[in-house]
Amino acid sequence: MYKLIRSSLCVAVVAALSASGAYAAQVLGPDTDEDDLVPTGKGWGQRNYPTPHQNDHANPNGNAGKTAIGSGINYHGGPVMLGTTKAYYIWYGNWNGNSATTILTDLMSNIGGSPYFNINTTYYDGSNTHVSNSVNYAGSTSDNYSQGTALSDASVKAVVSSAITSGRLPKESHAVYFVLTSQDVNETSGFCTQYCGWHTHGTISGTDIKYSFVGNPDRCPSACAAQTTGPNGNAGADGMASIISHELEEAVTDPDLNAWYDRRGAENADKCAWTFGKTYAAGNGALANMKLGTRDYLIQRNWVNAASGFCATSY
Amino acid sequence: MRATDFVGAALIAAAVILSPQSFAADPAIGNIPTVTRLVKIFLEREQALDAAVRGGDAQSLDRLLTDDFELREGAHPGSPVPRADWMRDVIRKRAANPSIEGMAVHDFGTVAIASFSQSDPKATAFIVDVWRREGDVWKLAVRYATATSGRSSRATPRSDEIPKKY
């Protein structure tokens, strides 16, 4: 009898749950030339539980839960990265002859001071000190497959740790270290199927280090590249430019995962992922939406923490 | 134990298992990933399904399904639920606003497979949706669904897992 009841209950549960889909609300196609929009409030994202940030609620300033009223994103008391943020690249795998090394170096060398990065100045800490529109591309190193071609999250941290402890890159808490992997390298926790990149922080040699993984979309263009031909003629690198920008602006405004995110756990760039605003045709016909330095890029919009909040490409 | 007691206990247990408090115990620091373009697209499709079901909109639901859509449940692997029966059932039941967790999308050209865990306040199921592209439109061709009796140990991420996929 129990078996029958249990079976019936199981079927009923499946039927009920399979009856409907996601709660995901506002979703914008990557090619949508939409005006600035405000999410409906449900967000398009998914989460594994209410928020990973709940696990990390440091509250050094006693301002947890402080809200920029009505802007769609909340301050939870943690630090932001103030002053000039340094950025380091770790070219992992084989990047020989790939124009990505110049395209992405140019990106990081010119993103600071841009109207685009200025969006991040709408974020501030518990002392009301605002993020600066200043980024210093401070250098790079390479890693010749020290962790193989199938990386775990722990392997990515090991790559960063190796670069720092070997002295190839300096150890700095006020920097973001980007591990950029070549096309033949996978990140086995869900690259290409669940995510295109991520950022986090962790202790390396006694210092809190902010670091990020960004894989090469040439491995999965339909998942991680917005278009098959990028404005700089390198679809993988052009796709990485948007993901790197996404991770950088999240790292600056939520470096320890306890500062700025909304009620669904979405950080500033999450709220505008895969939306690009108004675009134009670059010289090779590919779509772009901003010029940084001498190059055109197609970079996702970011969330402006002002007024009622909105996605934009400049502020 | 009477049958009604069992059902009641099961529902209470499910409610406890799925309470928000049960999520917040893991002390791990998570990574904050950027969701793929395909995950975003198929979250949108799942949202459209949900809207059609909860709105009782059979026409919209019809447009989201291939002509040969069927549901296959883990409890009855050899007995698919036909398209018309499924549509009638889901519109009649109109499940409570569910949430999706852990979506992954595998792209095989004109076929894409989206897997995820779906929960409402009372229960959780693991779902695999097979989407087929017809012209420029993705339509749901097969849904595989299995109720989970509660959260597995992997529902709470290990310290080296990414807890949030966007």
# chains A, B, ... in the order shown; residues from 1 in each chain; ligands from 1
call {"tool": "residues_around", "arguments": {"residues": "Thr253 of chain A", "least_positions_apart": "4", "cutoff": "8 Å", "atoms": "only C-alpha atoms", "output": "number ranges by chain"}}
result
A: 79-81, 120, 123-124, 131, 249, 259-260, 268
call {"tool": "write_last_selection", "arguments": {"atoms": "C-alpha atoms", "output": "PDB file, in the first residue's frame"}}
result
ATOM      1  CA  PRO A  79      34.002  46.226   0.509  1.00  0.00           C
ATOM      2  CA  VAL A  80      34.221  47.453  -3.065  1.00  0.00           C
ATOM      3  CA  MET A  81      37.498  48.011  -4.882  1.00  0.00           C
ATOM      4  CA  ASN A 120      30.803  51.419 -11.840  1.00  0.00           C
ATOM      5  CA  TYR A 123      28.614  51.914  -6.631  1.00  0.00           C
ATOM      6  CA  TYR A 124      30.077  52.735  -3.230  1.00  0.00           C
ATOM      7  CA  VAL A 131      34.365  53.172  -7.101  1.00  0.00           C
ATOM      8  CA  GLU A 249      32.908  45.129 -13.182  1.00  0.00           C
ATOM      9  CA  ALA A 259      28.739  43.960  -1.437  1.00  0.00           C
ATOM     10  CA  TRP A 260      26.459  44.731  -4.374  1.00  0.00           C
ATOM     11  CA  ASN A 268      25.565  44.388 -11.590  1.00  0.00           C
TER      12      ASN A 268
END
call {"tool": "interface_residues", "arguments": {"of": "chain B", "to": "chain A", "cutoff": "6 Å", "atoms": "only C-alpha atoms", "output": "short mmCIF file (atom, residue, chain, number, x, y, z; two decimals) with C-alpha atoms, in the first residue's frame"}}
result
data_model
loop_
_atom_site.label_atom_id
_atom_site.label_comp_id
_atom_site.auth_asym_id
_atom_site.auth_seq_id
_atom_site.Cartn_x
_atom_site.Cartn_y
_atom_site.Cartn_z
CA PHE B 23 20.02 26.28 1.61
CA PRO B 27 29.93 27.97 4.49
CA ASN B 31 32.37 31.58 -7.56
CA ILE B 32 30.10 33.94 -9.43
CA PRO B 33 29.76 32.70 -12.99
CA THR B 34 28.46 34.40 -16.11
CA VAL B 35 25.65 32.32 -17.54
CA THR B 36 25.97 31.21 -21.16
CA ARG B 37 23.92 32.75 -23.91
CA LEU B 38 22.14 29.42 -24.41
CA GLU B 44 13.37 32.30 -21.59
CA GLU B 46 11.00 27.72 -19.97
CA GLN B 47 9.54 31.00 -18.81
CA LEU B 49 6.11 27.56 -21.05
CA ASP B 50 5.40 28.57 -17.49
CA VAL B 90 -0.78 20.94 -16.90
CA ALA B 95 1.43 24.33 -10.68
CA SER B 99 12.02 27.89 -9.55
CA ILE B 100 14.84 26.50 -11.66
CA GLU B 101 18.27 25.63 -10.43
CA GLY B 102 21.44 24.48 -12.05
CA ALA B 104 22.99 23.39 -18.20
CA VAL B 105 22.44 23.46 -21.97
CA HIS B 106 24.17 21.14 -24.41
CA ALA B 147 10.80 13.49 -8.87
CA PRO B 163 27.00 27.54 -6.38
CA LYS B 164 25.54 30.13 -8.70
#
call {"tool": "residues_around", "arguments": {"residues": "Ile113 of chain B", "least_positions_apart": "5", "cutoff": "12 Å", "atoms": "only C-alpha atoms", "output": "PyMOL selection string"}}
result
(chain A and resi 193-194) or (chain B and resi 38-39+42+103-108+127-133+138-144)
call {"tool": "select_by_dssp", "arguments": {"residues": "segment 40-286 of chain A", "states": "strand (DSSP E or B)", "output": "ChimeraX atom specification"}}
result
/A:67,74-75,85-92,124,130,135-143,150-151,175-181,186-187,191,195-204,207-214,260-261,280-281
call {"tool": "atom_distance", "arguments": {"atom1": "atom CA of Ser109 of chain A", "atom2": "atom CA of Gly83 of chain A"}}
result
16.0 Å
call {"tool": "atom_distance", "arguments": {"atom1": "atom CA of Asn94 of chain A", "atom2": "atom CA of Ser182 of chain A"}}
result
5.8 Å
call {"tool": "select_by_dssp", "arguments": {"residues": "segment 101-134 of chain A", "states": "helix (DSSP H, G or I)", "output": "PyMOL selection string"}}
result
chain A and resi 101-110+117-122
call {"tool": "residues_around", "arguments": {"residues": "segment 116-119 of chain A", "least_positions_apart": "2", "cutoff": "7 Å", "atoms": "only C-alpha atoms", "output": "ChimeraX atom specification"}}
result
/A:111-114,121-122,133,304,313-315
call {"tool": "closest_residue", "arguments": {"among": "A:Asn98, A:Ala175, A:Leu104, A:Tyr92", "to": "Ser146 of chain A", "atoms": "only C-alpha atoms"}}
result
A:Tyr92
call {"tool": "residues_around", "arguments": {"residues": "Ala58 of chain B", "least_positions_apart": "4", "cutoff": "10 Å", "atoms": "only C-alpha atoms", "output": "PyMOL selection string"}}
result
chain B and resi 52-53+62-64+87-88+90-91
call {"tool": "residues_around", "arguments": {"residues": "Asn216 of chain A", "least_positions_apart": "4", "cutoff": "8 Å", "atoms": "only C-alpha atoms", "output": "count of residues only"}}
result
8
call {"tool": "closest_residue", "arguments": {"among": "A:Asn305, A:Asn234, A:Thr149, A:Thr228", "to": "Ile103 of chain A", "atoms": "only C-alpha atoms"}}
result
A:Asn234
call {"tool": "residues_around", "arguments": {"residues": "Thr141 of chain A", "least_positions_apart": "6", "cutoff": "12 Å", "atoms": "only C-alpha atoms", "output": "JSON list (two decimals) with N, CA and C atoms, in the first residue's frame"}}
result
[["chain", "number", "residue", "atom", "x", "y", "z"],
["A", 87, "ALA", "N", 44.79, 45.03, -13.09],
["A", 87, "ALA", "CA", 44.35, 43.78, -13.74],
["A", 87, "ALA", "C", 45.56, 43.06, -14.31],
["A", 88, "TYR", "N", 45.59, 41.76, -14.08],
["A", 88, "TYR", "CA", 46.66, 40.92, -14.62],
["A", 88, "TYR", "C", 46.04, 39.80, -15.45],
["A", 89, "TYR", "N", 46.70, 39.46, -16.53],
["A", 89, "TYR", "CA", 46.28, 38.33, -17.36],
["A", 89, "TYR", "C", 47.24, 37.16, -17.16],
["A", 90, "ILE", "N", 46.68, 35.98, -17.12],
["A", 90, "ILE", "CA", 47.47, 34.74, -17.17],
["A", 90, "ILE", "C", 47.00, 33.98, -18.41],
["A", 91, "TRP", "N", 47.84, 33.95, -19.41],
["A", 91, "TRP", "CA", 47.48, 33.29, -20.67],
["A", 91, "TRP", "C", 47.77, 31.80, -20.51],
["A", 92, "TYR", "N", 46.72, 31.03, -20.35],
["A", 92, "TYR", "CA", 46.88, 29.60, -20.06],
["A", 92, "TYR", "C", 46.71, 28.78, -21.33],
["A", 93, "GLY", "N", 47.63, 27.86, -21.58],
["A", 93, "GLY", "CA", 47.55, 27.01, -22.76],
["A", 93, "GLY", "C", 48.36, 27.58, -23.91],
["A", 95, "TRP", "N", 48.54, 30.18, -26.84],
["A", 95, "TRP", "CA", 48.02, 31.40, -27.44],
["A", 95, "TRP", "C", 48.95, 31.91, -28.54],
["A", 101, "THR", "N", 45.78, 38.06, -27.81],
["A", 101, "THR", "CA", 46.71, 38.65, -26.84],
["A", 101, "THR", "C", 46.80, 40.17, -27.00],
["A", 159, "VAL", "N", 46.51, 27.81, -10.75],
["A", 159, "VAL", "CA", 47.20, 28.57, -11.80],
["A", 159, "VAL", "C", 47.53, 29.97, -11.29],
["A", 160, "VAL", "N", 46.57, 30.59, -10.64],
["A", 160, "VAL", "CA", 46.81, 31.93, -10.09],
["A", 160, "VAL", "C", 47.87, 31.87, -9.00],
["A", 162, "SER", "N", 50.24, 29.74, -8.58],
["A", 162, "SER", "CA", 51.56, 29.49, -9.14],
["A", 162, "SER", "C", 52.17, 30.76, -9.73],
["A", 163, "ALA", "N", 51.35, 31.53, -10.41],
["A", 163, "ALA", "CA", 51.86, 32.77, -11.02],
["A", 163, "ALA", "C", 52.35, 33.74, -9.95],
["A", 164, "ILE", "N", 51.67, 33.74, -8.82],
["A", 164, "ILE", "CA", 52.04, 34.67, -7.75],
["A", 164, "ILE", "C", 53.23, 34.15, -6.94],
["A", 166, "SER", "N", 55.46, 32.04, -7.69],
["A", 166, "SER", "CA", 56.71, 31.94, -8.47],
["A", 166, "SER", "C", 57.31, 33.30, -8.76],
["A", 167, "GLY", "N", 56.57, 34.35, -8.46],
["A", 167, "GLY", "CA", 57.07, 35.70, -8.72],
["A", 167, "GLY", "C", 56.83, 36.20, -10.13],
["A", 168, "ARG", "N", 56.13, 35.40, -10.93],
["A", 168, "ARG", "CA", 55.85, 35.87, -12.30],
["A", 168, "ARG", "C", 54.87, 37.03, -12.29],
["A", 169, "LEU", "N", 54.00, 37.06, -11.30],
["A", 169, "LEU", "CA", 53.12, 38.21, -11.11],
["A", 169, "LEU", "C", 53.21, 38.63, -9.64],
["A", 170, "PRO", "N", 53.08, 39.91, -9.36],
["A", 170, "PRO", "CA", 53.13, 40.36, -7.97],
["A", 170, "PRO", "C", 51.87, 39.95, -7.21],
["A", 177, "TYR", "N", 43.01, 39.03, -11.09],
["A", 177, "TYR", "CA", 43.83, 38.15, -11.93],
["A", 177, "TYR", "C", 42.90, 37.33, -12.83],
["A", 178, "PHE", "N", 43.12, 37.45, -14.12],
["A", 178, "PHE", "CA", 42.27, 36.75, -15.08],
["A", 178, "PHE", "C", 43.02, 35.55, -15.66],
["A", 179, "VAL", "N", 42.47, 34.37, -15.49],
["A", 179, "VAL", "CA", 43.01, 33.17, -16.14],
["A", 179, "VAL", "C", 42.26, 33.00, -17.45],
["A", 180, "LEU", "N", 42.96, 33.18, -18.55],
["A", 180, "LEU", "CA", 42.37, 33.13, -19.89],
["A", 180, "LEU", "C", 42.86, 31.86, -20.57]]
call {"tool": "decode", "arguments": {"residues": "segment 161-213 of chain A", "atoms": "C-alpha atoms", "output": "compact mmCIF listing (two decimals), in the first residue's frame"}}
result
# COMPACT_ATOMS: atom_id res chain seq x y z
CA SER A 161 48.69 30.76 -7.04
CA SER A 162 51.56 29.49 -9.14
CA ALA A 163 51.86 32.77 -11.02
CA ILE A 164 52.04 34.67 -7.75
CA THR A 165 54.21 32.38 -5.64
CA SER A 166 56.71 31.94 -8.47
CA GLY A 167 57.07 35.70 -8.72
CA ARG A 168 55.85 35.87 -12.30
CA LEU A 169 53.12 38.21 -11.11
CA PRO A 170 53.13 40.36 -7.97
CA LYS A 171 50.85 39.54 -5.06
CA GLU A 172 48.27 42.29 -4.72
CA SER A 173 44.93 42.34 -2.98
CA HIS A 174 43.80 45.33 -5.00
CA ALA A 175 43.96 43.54 -8.32
CA VAL A 176 41.96 41.09 -10.39
CA TYR A 177 43.83 38.15 -11.93
CA PHE A 178 42.27 36.75 -15.08
CA VAL A 179 43.01 33.17 -16.14
CA LEU A 180 42.37 33.13 -19.89
CA THR A 181 42.34 29.66 -21.40
CA SER A 182 42.99 28.69 -25.00
CA GLN A 183 40.46 26.88 -27.16
CA ASP A 184 41.78 23.41 -26.32
CA VAL A 185 41.25 23.88 -22.59
CA ASN A 186 38.03 23.02 -20.76
CA GLU A 187 36.86 24.05 -17.32
CA THR A 188 35.01 20.99 -16.19
CA SER A 189 32.59 22.55 -13.72
CA GLY A 190 30.36 23.81 -16.52
CA PHE A 191 32.21 25.99 -19.00
CA CYS A 192 30.20 26.25 -22.21
CA THR A 193 27.13 24.52 -20.79
CA GLN A 194 26.43 26.61 -17.73
CA TYR A 195 28.79 29.55 -17.78
CA CYS A 196 31.32 31.42 -19.91
CA GLY A 197 33.37 32.80 -17.06
CA TRP A 198 33.29 33.48 -13.37
CA HIS A 199 34.97 35.51 -10.65
CA THR A 200 35.66 34.82 -7.01
CA HIS A 201 38.23 35.49 -4.31
CA GLY A 202 40.40 33.33 -2.14
CA THR A 203 43.43 33.34 0.09
CA ILE A 204 46.75 32.86 -1.67
CA SER A 205 49.94 33.13 0.37
CA GLY A 206 48.03 34.82 3.14
CA THR A 207 46.47 37.50 0.97
CA ASP A 208 42.89 37.82 -0.24
CA ILE A 209 43.21 37.54 -4.02
CA LYS A 210 40.47 38.33 -6.52
CA TYR A 211 40.60 36.17 -9.60
CA SER A 212 38.52 35.16 -12.58
CA PHE A 213 38.28 32.42 -15.18
